[in-house]
Amino acid sequence: MKEKIIPVIIVILILSGLYLTSLYSYLLFHNIAELFSIIVACGIFMIAWNSRKYIKNEYLIFIAIAYLFIAGLDLLHTLSYKGMQIFNDYDYYANQLWIAARYLESATLLFAFTFIVQKKFSIKISLVFIIYTLITGIMIASIFYWKTFPICFVDGTGLTPFKKISEYIICTILVLDLILLYKYRQSFEKEVFSLLILSIFFTIVSELAFTFYISNYGFSNLIGHYFKIFSFYSIYKAIIQTGIVKPYDLIFRELVVKEKNLIDATKAADSANQAKSDFLANMSHELRTPLNGILGYAQILKRERDLKESIANGLDIIDISGRHLLNLINEILDLSKIEARKMELIKSNFLFSEFLKAIIQIIQIKTIEKGTDFYAELAIDLPRIIFGDEKRLNQILLNLLGNAAKFTETGTVYFRVWDAGKNDPMWKPSAANSRLIHFEVEDSGPGIAQNDIAEIFSPFKQVGKNKYKQEGSGLGLPITRQLVTLMGGELKVKSFLEKGSTFWFEIEVPEGSDINEFDLYSYNSITGYTGERKKIMIVDDNYHNRNVLKDILLPLDFEIDEAQDGNDCLNKVFNFCPDIIFMDIFMPNMNGFEAAEEIRKSNKLNTVKIIACSASVSLSHQEILPNRGLDDFITKPIELNELLKKMEYHLNITWIIDNPKEDKPNIKSDNEPSDIPPLEEIQKLNKLASGGDITGIRKHLDQLEKENHSYKKFINEIKKLAQTFQIRQIKILTQKYMDTVTHE
């Protein structure tokens, strides 16, 4: 209450003091009143000018500039007032300057609405200054120099008709200002709008008061100056107080507006991203479904024995082409997941050495085709088993090595892996069993210009020679860097034009616990499994998808039943009682989630394993598995190795593998020409196989063939295995030859 009373008391005291001053000397009262208005008007300009980056209302900026010139006219009005004895040649300059200033003020308030009505009409500050300088100069010249400005007051007679009519015109303009101000009140804050209304109202009252006096010292003149003070004080409250007393309100208001705009823009971007993600997920599903048939049957047919070389090559082409298309789909989806921050790591224990050997074999194929050299340098102290995301690490390394092989026309590609933590005293492991593994890919390709290095990590951007810009999606490196970051590392690059490039990163990985060391790359040799016969139900609304799974599993002696949707599954599953169900997720009538939840309600099937098997990858593992009644998840196209590995785990079965014949190799006696190389040569081949060096094996076989043609049968036998990268079989076969020679 006190906060409201005190300002009122202060205003009353000031007005009373001014009134008492007028009784003592009206000239003193007039000077004080006008100086207050002049100072406030100049202050309006200065504060608005210095706060213009915060005041985003060009209406107020325009008024503030105009008030600088109005203050100039009011200053001349004060100096020319009768009794100041400054201008002695004429007694009525003050009244003319008053009318000129009020015309300028009312016209300004009216024209200022242009900046509200026409929002695209931006204020040109320099032009406003020029126009007001010209207008003010003409007014002053017409009063003091040309003396053409009409007379407004005659001493002893009072106001002239021109003065009275002008006051009414000015009041009419001000009323129009009030109407427009109310119409566009939404353009102002509530407090500012109220103060502007008061200011114009007080100005109207002031002008009307100046239509009644017959003496420059009369009571009507006094009231007019009071209301002029009220008017300027209201402008002070509207502009100066907002600019000085509450500057932070301006800043915060701007921040609130920007925050709202940012929130709106974020929502729009999220909506667009969601639409893009939905589109990509739907397209992925539609593309993965036919790819499931293409790649599925390519894998099935490649298991056939005694295939003609032309057919085997054709299947390889189908498999490679299908996987290339699948890789492009995955890259686009991965980018979408990264942008939506839905990318996740799925960690498990895996054999690190076998993992690296498999990657080496894939890259060796590419470099052999191009005639370039490839060397893998793997430290001997690498961990045997690590716990991490095998799939994503594989994606990272194949991207880096694949690029190196692609861009290196002549020269060498190096792949190096070592334990960096052992030689880094600054590295502190987060756990006792953690290792810091360094991965490095070096090539002698064309290199990358220094100003292009940042571009290679931008999505869809490709640099370098034009012949390579048509290959790939331009997403490999951006996704690779994001995946490395997700794993806690940083992908770094060093490159020089015409000299080559080196990419490297280091990630901390825990050593894994012991696992079943079943060779993941020998599933093509599986013929069945030990133990009682297992039952499998395949639930999928797509006939071709059911056939792929059925043709994979039937030859392995599983009992199979099929269902075309969730309802069909529930109708059959309780009679069939499967050991494992491969459940598609998105199906008509009843989806896989609903069917799994219904199955879990039955005690009869409480041990059945349910594996989600879907072409849709829009959902993460965390969104699919928990509380859904599902035990695992695999994506389509189905990878044969992944499928059988999960079956081995969930069914707790042991696969039967068709190993090479156990017959002893045909060894000639000492008195017959030998058709196998000496023991030391076979040992060299065995050592190369143990290191996964397929290139070294081939070179050594070529050298042996040149030395002795009688080794041809042995060499062809190993070469046939080398052509299909059956490193394990080469190792087994050479070991048996070594054992046979030793026992002989």
# chains A, B, ... in the order shown; residues from 1 in each chain; ligands from 1
>>> select_by_dssp(residues="range 67-252 of chain A", states="strand (DSSP E)", output="ChimeraX atom specification")
/A:153-154,158-159
>>> write_last_selection(atoms="N, CA and C atoms", output="PDB file, in the first residue's frame")
ATOM      1  N   PHE A 153      -1.205  34.664 -31.215  1.00  0.00           N
ATOM      2  CA  PHE A 153      -1.649  35.338 -29.990  1.00  0.00           C
ATOM      3  C   PHE A 153      -1.374  36.839 -30.114  1.00  0.00           C
ATOM      4  N   VAL A 154      -2.369  37.638 -29.666  1.00  0.00           N
ATOM      5  CA  VAL A 154      -2.215  39.100 -29.645  1.00  0.00           C
ATOM      6  C   VAL A 154      -2.452  39.550 -28.205  1.00  0.00           C
ATOM      7  N   GLY A 158      -5.961  38.172 -27.063  1.00  0.00           N
ATOM      8  CA  GLY A 158      -6.010  36.725 -26.823  1.00  0.00           C
ATOM      9  C   GLY A 158      -5.634  35.909 -28.058  1.00  0.00           C
ATOM     10  N   LEU A 159      -6.154  34.723 -28.120  1.00  0.00           N
ATOM     11  CA  LEU A 159      -5.804  33.786 -29.179  1.00  0.00           C
ATOM     12  C   LEU A 159      -6.415  34.207 -30.511  1.00  0.00           C
TER      13      LEU A 159
END
>>> residues_around(residues="Ser690 in chain A", least_positions_apart="3", cutoff="10 Å", atoms="only C-alpha atoms", output="JSON list (two decimals) with N, CA, C and O atoms, in the first residue's frame")
[["chain", "number", "residue", "atom", "x", "y", "z"],
["A", 357, "LYS", "N", 40.15, -61.75, -37.82],
["A", 357, "LYS", "CA", 40.50, -62.58, -38.98],
["A", 357, "LYS", "C", 39.42, -62.52, -40.05],
["A", 357, "LYS", "O", 39.70, -62.48, -41.25],
["A", 684, "LYS", "N", 55.00, -73.96, -42.85],
["A", 684, "LYS", "CA", 54.86, -72.55, -43.21],
["A", 684, "LYS", "C", 53.41, -72.22, -43.58],
["A", 684, "LYS", "O", 52.86, -71.20, -43.18],
["A", 685, "LEU", "N", 52.80, -73.11, -44.35],
["A", 685, "LEU", "CA", 51.40, -72.91, -44.74],
["A", 685, "LEU", "C", 50.48, -72.94, -43.52],
["A", 685, "LEU", "O", 49.54, -72.15, -43.41],
["A", 686, "ASN", "N", 50.76, -73.86, -42.60],
["A", 686, "ASN", "CA", 49.96, -73.95, -41.39],
["A", 686, "ASN", "C", 50.08, -72.68, -40.54],
["A", 686, "ASN", "O", 49.09, -72.18, -39.98],
["A", 687, "LYS", "N", 51.28, -72.14, -40.48],
["A", 687, "LYS", "CA", 51.52, -70.92, -39.72],
["A", 687, "LYS", "C", 50.79, -69.74, -40.36],
["A", 687, "LYS", "O", 50.19, -68.90, -39.67],
["A", 693, "ASP", "N", 46.47, -65.26, -42.89],
["A", 693, "ASP", "CA", 47.10, -64.58, -44.01],
["A", 693, "ASP", "C", 46.81, -65.32, -45.31],
["A", 693, "ASP", "O", 47.61, -66.14, -45.78],
["A", 694, "ILE", "N", 45.66, -65.07, -45.92],
["A", 694, "ILE", "CA", 45.28, -65.76, -47.15],
["A", 694, "ILE", "C", 46.17, -65.36, -48.31],
["A", 694, "ILE", "O", 46.47, -66.17, -49.21],
["A", 727, "ILE", "N", 39.92, -70.69, -44.09],
["A", 727, "ILE", "CA", 41.18, -70.69, -43.35],
["A", 727, "ILE", "C", 41.23, -71.85, -42.35],
["A", 727, "ILE", "O", 42.25, -72.54, -42.21],
["A", 728, "ARG", "N", 40.12, -72.04, -41.68],
["A", 728, "ARG", "CA", 40.09, -73.10, -40.66],
["A", 728, "ARG", "C", 40.34, -74.47, -41.29],
["A", 728, "ARG", "O", 41.09, -75.30, -40.74],
["A", 730, "ILE", "N", 41.97, -75.07, -44.06],
["A", 730, "ILE", "CA", 43.38, -75.14, -44.47],
["A", 730, "ILE", "C", 44.26, -75.50, -43.27],
["A", 730, "ILE", "O", 45.18, -76.32, -43.36],
["A", 731, "LYS", "N", 43.95, -74.88, -42.13],
["A", 731, "LYS", "CA", 44.73, -75.15, -40.92],
["A", 731, "LYS", "C", 44.59, -76.63, -40.51],
["A", 731, "LYS", "O", 45.58, -77.30, -40.17],
["A", 732, "ILE", "N", 43.33, -77.13, -40.56],
["A", 732, "ILE", "CA", 43.10, -78.54, -40.19],
["A", 732, "ILE", "C", 43.81, -79.49, -41.15],
["A", 732, "ILE", "O", 44.47, -80.46, -40.73]]
>>> residues_around(residues="Ile143 in chain A", least_positions_apart="2", cutoff="10 Å", atoms="only C-alpha atoms", output="PyMOL selection string")
chain A and resi 92-94+96-97+100+137-141+145-151
>>> select_by_dssp(residues="range 535-738 of chain A", states="alpha helix (DSSP H)", output="PyMOL selection string")
chain A and resi 543-553+566-576+592-600+621-624+640-651+679-690+694-707+712-723+727-738
>>> closest_residue(among="A:Ala595, A:Lys601, A:Glu344, A:Lys535", to="Ile580 in chain A", atoms="only C-alpha atoms")
A:Lys535
>>> residues_around(residues="Thr635 in chain A", least_positions_apart="3", cutoff="10 Å", atoms="only C-alpha atoms", output="list in words")
Arg288, Asn292, Asp584, Ala612, Cys613, Ser614, Ala615, Ser616, Val617, Ile638, Glu639, Glu642 and Leu643 of chain A
>>> write_last_selection(atoms="all heavy atoms", output="mmCIF file, in the first residue's frame")
data_model
loop_
_atom_site.group_PDB
_atom_site.id
_atom_site.type_symbol
_atom_site.label_atom_id
_atom_site.label_comp_id
_atom_site.auth_asym_id
_atom_site.auth_seq_id
_atom_site.Cartn_x
_atom_site.Cartn_y
_atom_site.Cartn_z
ATOM 1 N N ARG A 288 13.663 -54.587 -47.156
ATOM 2 C CA ARG A 288 14.245 -55.731 -46.459
ATOM 3 C C ARG A 288 13.464 -57.023 -46.713
ATOM 4 O O ARG A 288 14.043 -58.104 -46.687
ATOM 5 C CB ARG A 288 14.293 -55.464 -44.941
ATOM 6 C CG ARG A 288 15.408 -54.534 -44.524
ATOM 7 C CD ARG A 288 15.283 -54.153 -43.059
ATOM 8 N NE ARG A 288 16.391 -53.338 -42.652
ATOM 9 C CZ ARG A 288 17.545 -53.805 -42.187
ATOM 10 N NH1 ARG A 288 17.726 -55.107 -42.081
ATOM 11 N NH2 ARG A 288 18.519 -53.001 -41.849
ATOM 12 N N ASN A 292 15.273 -60.303 -47.892
ATOM 13 C CA ASN A 292 15.297 -61.505 -47.052
ATOM 14 C C ASN A 292 15.246 -62.756 -47.915
ATOM 15 O O ASN A 292 15.943 -63.743 -47.660
ATOM 16 C CB ASN A 292 14.120 -61.479 -46.077
ATOM 17 C CG ASN A 292 14.187 -62.604 -45.063
ATOM 18 O OD1 ASN A 292 15.185 -62.773 -44.373
ATOM 19 N ND2 ASN A 292 13.122 -63.392 -44.984
ATOM 20 N N ASP A 584 7.257 -62.902 -36.330
ATOM 21 C CA ASP A 584 7.260 -61.598 -36.978
ATOM 22 C C ASP A 584 6.520 -60.615 -36.068
ATOM 23 O O ASP A 584 5.605 -61.001 -35.333
ATOM 24 C CB ASP A 584 6.581 -61.697 -38.344
ATOM 25 C CG ASP A 584 6.757 -60.421 -39.155
ATOM 26 O OD1 ASP A 584 7.731 -59.700 -38.902
ATOM 27 O OD2 ASP A 584 5.915 -60.149 -40.030
ATOM 28 N N ALA A 612 11.835 -62.577 -31.796
ATOM 29 C CA ALA A 612 11.243 -61.650 -32.757
ATOM 30 C C ALA A 612 12.085 -61.649 -34.023
ATOM 31 O O ALA A 612 13.313 -61.605 -33.969
ATOM 32 C CB ALA A 612 11.185 -60.240 -32.163
ATOM 33 N N CYS A 613 11.415 -61.710 -35.150
ATOM 34 C CA CYS A 613 12.106 -61.790 -36.436
ATOM 35 C C CYS A 613 11.383 -60.853 -37.392
ATOM 36 O O CYS A 613 10.312 -61.199 -37.909
ATOM 37 C CB CYS A 613 12.086 -63.229 -36.939
ATOM 38 S SG CYS A 613 12.968 -63.485 -38.479
ATOM 39 N N SER A 614 11.930 -59.629 -37.595
ATOM 40 C CA SER A 614 11.182 -58.618 -38.340
ATOM 41 C C SER A 614 12.070 -57.826 -39.279
ATOM 42 O O SER A 614 13.264 -57.644 -39.023
ATOM 43 C CB SER A 614 10.494 -57.660 -37.358
ATOM 44 O OG SER A 614 9.832 -56.637 -38.039
ATOM 45 N N ALA A 615 11.453 -57.350 -40.368
ATOM 46 C CA ALA A 615 12.152 -56.470 -41.318
ATOM 47 C C ALA A 615 12.103 -55.023 -40.853
ATOM 48 O O ALA A 615 12.741 -54.164 -41.451
ATOM 49 C CB ALA A 615 11.527 -56.595 -42.705
ATOM 50 N N SER A 616 11.357 -54.740 -39.799
ATOM 51 C CA SER A 616 11.257 -53.375 -39.281
ATOM 52 C C SER A 616 12.353 -53.148 -38.256
ATOM 53 O O SER A 616 12.513 -53.927 -37.323
ATOM 54 C CB SER A 616 9.898 -53.146 -38.633
ATOM 55 O OG SER A 616 9.844 -51.856 -38.064
ATOM 56 N N VAL A 617 13.106 -52.078 -38.452
ATOM 57 C CA VAL A 617 14.188 -51.757 -37.504
ATOM 58 C C VAL A 617 13.961 -50.394 -36.864
ATOM 59 O O VAL A 617 14.884 -49.765 -36.382
ATOM 60 C CB VAL A 617 15.562 -51.785 -38.216
ATOM 61 C CG1 VAL A 617 15.930 -53.188 -38.615
ATOM 62 C CG2 VAL A 617 15.555 -50.866 -39.444
ATOM 63 N N ILE A 638 17.681 -62.290 -42.910
ATOM 64 C CA ILE A 638 18.241 -63.157 -41.877
ATOM 65 C C ILE A 638 19.654 -63.568 -42.242
ATOM 66 O O ILE A 638 19.916 -64.032 -43.354
ATOM 67 C CB ILE A 638 17.357 -64.402 -41.691
ATOM 68 C CG1 ILE A 638 15.996 -63.995 -41.125
ATOM 69 C CG2 ILE A 638 18.022 -65.414 -40.775
ATOM 70 C CD1 ILE A 638 14.982 -65.103 -41.123
ATOM 71 N N GLU A 639 20.567 -63.383 -41.291
ATOM 72 C CA GLU A 639 21.933 -63.868 -41.445
ATOM 73 C C GLU A 639 21.983 -65.287 -40.898
ATOM 74 O O GLU A 639 21.664 -65.520 -39.727
ATOM 75 C CB GLU A 639 22.912 -62.969 -40.683
ATOM 76 C CG GLU A 639 23.233 -61.660 -41.369
ATOM 77 C CD GLU A 639 24.144 -61.850 -42.571
ATOM 78 O OE1 GLU A 639 24.745 -62.941 -42.690
ATOM 79 O OE2 GLU A 639 24.228 -60.925 -43.391
ATOM 80 N N GLU A 642 24.031 -65.742 -37.701
ATOM 81 C CA GLU A 642 23.393 -65.161 -36.523
ATOM 82 C C GLU A 642 22.216 -66.025 -36.072
ATOM 83 O O GLU A 642 22.029 -66.271 -34.873
ATOM 84 C CB GLU A 642 22.909 -63.745 -36.837
ATOM 85 C CG GLU A 642 22.259 -63.046 -35.648
ATOM 86 C CD GLU A 642 21.676 -61.693 -36.002
ATOM 87 O OE1 GLU A 642 21.580 -61.381 -37.205
ATOM 88 O OE2 GLU A 642 21.299 -60.963 -35.074
ATOM 89 N N LEU A 643 21.428 -66.486 -37.031
ATOM 90 C CA LEU A 643 20.269 -67.317 -36.719
ATOM 91 C C LEU A 643 20.678 -68.582 -35.973
ATOM 92 O O LEU A 643 20.139 -68.908 -34.905
ATOM 93 C CB LEU A 643 19.527 -67.669 -38.008
ATOM 94 C CG LEU A 643 18.397 -68.692 -37.886
ATOM 95 C CD1 LEU A 643 17.208 -68.084 -37.162
ATOM 96 C CD2 LEU A 643 17.995 -69.219 -39.250
#
>>> residues_around(residues="Leu196 in chain A", least_positions_apart="3", cutoff="12 Å", atoms="only C-alpha atoms", output="PyMOL selection string")
chain A and resi 59-60+63+109+174+177-182+185+188-193+199-203+230-239
>>> residues_around(residues="Leu630 in chain A", least_positions_apart="3", cutoff="7 Å", atoms="only C-alpha atoms", output="ChimeraX atom specification")
/A:596,610-612,625
>>> closest_atom_pairs(of="range 27-91 of chain A", to="range 112-132 of chain A", cutoff="9 Å", atoms="only C-alpha atoms", output="JSON lines")
{"residue": "A:Asn57", "atom": "CA", "partner": "A:Phe115", "partner_atom": "CA", "distance": 8.4}
{"residue": "A:Glu58", "atom": "CA", "partner": "A:Phe115", "partner_atom": "CA", "distance": 6.1}
{"residue": "A:Tyr59", "atom": "CA", "partner": "A:Ala112", "partner_atom": "CA", "distance": 5.3}
{"residue": "A:Leu60", "atom": "CA", "partner": "A:Ala112", "partner_atom": "CA", "distance": 7.9}
{"residue": "A:Ile61", "atom": "CA", "partner": "A:Ile123", "partner_atom": "CA", "distance": 8.5}
{"residue": "A:Phe62", "atom": "CA", "partner": "A:Ala112", "partner_atom": "CA", "distance": 6.4}
{"residue": "A:Ile63", "atom": "CA", "partner": "A:Ala112", "partner_atom": "CA", "distance": 6.8}
{"residue": "A:Ile65", "atom": "CA", "partner": "A:Phe129", "partner_atom": "CA", "distance": 7.5}
{"residue": "A:Ala66", "atom": "CA", "partner": "A:Tyr132", "partner_atom": "CA", "distance": 7.1}
{"residue": "A:Phe69", "atom": "CA", "partner": "A:Tyr132", "partner_atom": "CA", "distance": 7.0}
>>> write_last_selection(atoms="N, CA and C atoms", output="mmCIF file, in the first residue's frame")
data_model
loop_
_atom_site.group_PDB
_atom_site.id
_atom_site.type_symbol
_atom_site.label_atom_id
_atom_site.label_comp_id
_atom_site.auth_asym_id
_atom_site.auth_seq_id
_atom_site.Cartn_x
_atom_site.Cartn_y
_atom_site.Cartn_z
ATOM 1 N N ASN A 57 10.271 -2.491 -31.258
ATOM 2 C CA ASN A 57 9.050 -1.824 -31.685
ATOM 3 C C ASN A 57 9.447 -0.549 -32.417
ATOM 4 N N GLU A 58 9.350 -0.565 -33.739
ATOM 5 C CA GLU A 58 9.818 0.576 -34.525
ATOM 6 C C GLU A 58 8.916 1.800 -34.337
ATOM 7 N N TYR A 59 7.679 1.586 -33.909
ATOM 8 C CA TYR A 59 6.773 2.689 -33.557
ATOM 9 C C TYR A 59 7.422 3.555 -32.478
ATOM 10 N N LEU A 60 7.932 2.933 -31.421
ATOM 11 C CA LEU A 60 8.548 3.668 -30.319
ATOM 12 C C LEU A 60 9.871 4.302 -30.729
ATOM 13 N N ILE A 61 10.650 3.615 -31.541
ATOM 14 C CA ILE A 61 11.927 4.175 -32.015
ATOM 15 C C ILE A 61 11.672 5.439 -32.825
ATOM 16 N N PHE A 62 10.670 5.390 -33.707
ATOM 17 C CA PHE A 62 10.339 6.549 -34.544
ATOM 18 C C PHE A 62 9.901 7.732 -33.684
ATOM 19 N N ILE A 63 9.032 7.488 -32.708
ATOM 20 C CA ILE A 63 8.571 8.553 -31.809
ATOM 21 C C ILE A 63 9.747 9.159 -31.037
ATOM 22 N N ILE A 65 12.877 9.429 -31.905
ATOM 23 C CA ILE A 65 13.667 10.326 -32.770
ATOM 24 C C ILE A 65 12.933 11.658 -32.938
ATOM 25 N N ALA A 66 11.616 11.571 -33.167
ATOM 26 C CA ALA A 66 10.825 12.795 -33.363
ATOM 27 C C ALA A 66 10.863 13.686 -32.127
ATOM 28 N N PHE A 69 13.515 16.391 -31.906
ATOM 29 C CA PHE A 69 13.248 17.630 -32.637
ATOM 30 C C PHE A 69 12.130 18.424 -31.966
#
>>> atom_distance(atom1="CA of Tyr297 in chain A", atom2="CA of Ile359 in chain A")
23.4 Å
>>> closest_residue(among="A:Leu222, A:Ile718, A:Leu295, A:Ile135", to="Leu733 in chain A", atoms="only C-alpha atoms")
A:Ile718
>>> closest_residue(among="A:Glu680, A:Asp316, A:Glu304, A:Glu369", to="Ile552 in chain A", atoms="only C-alpha atoms")
A:Glu304
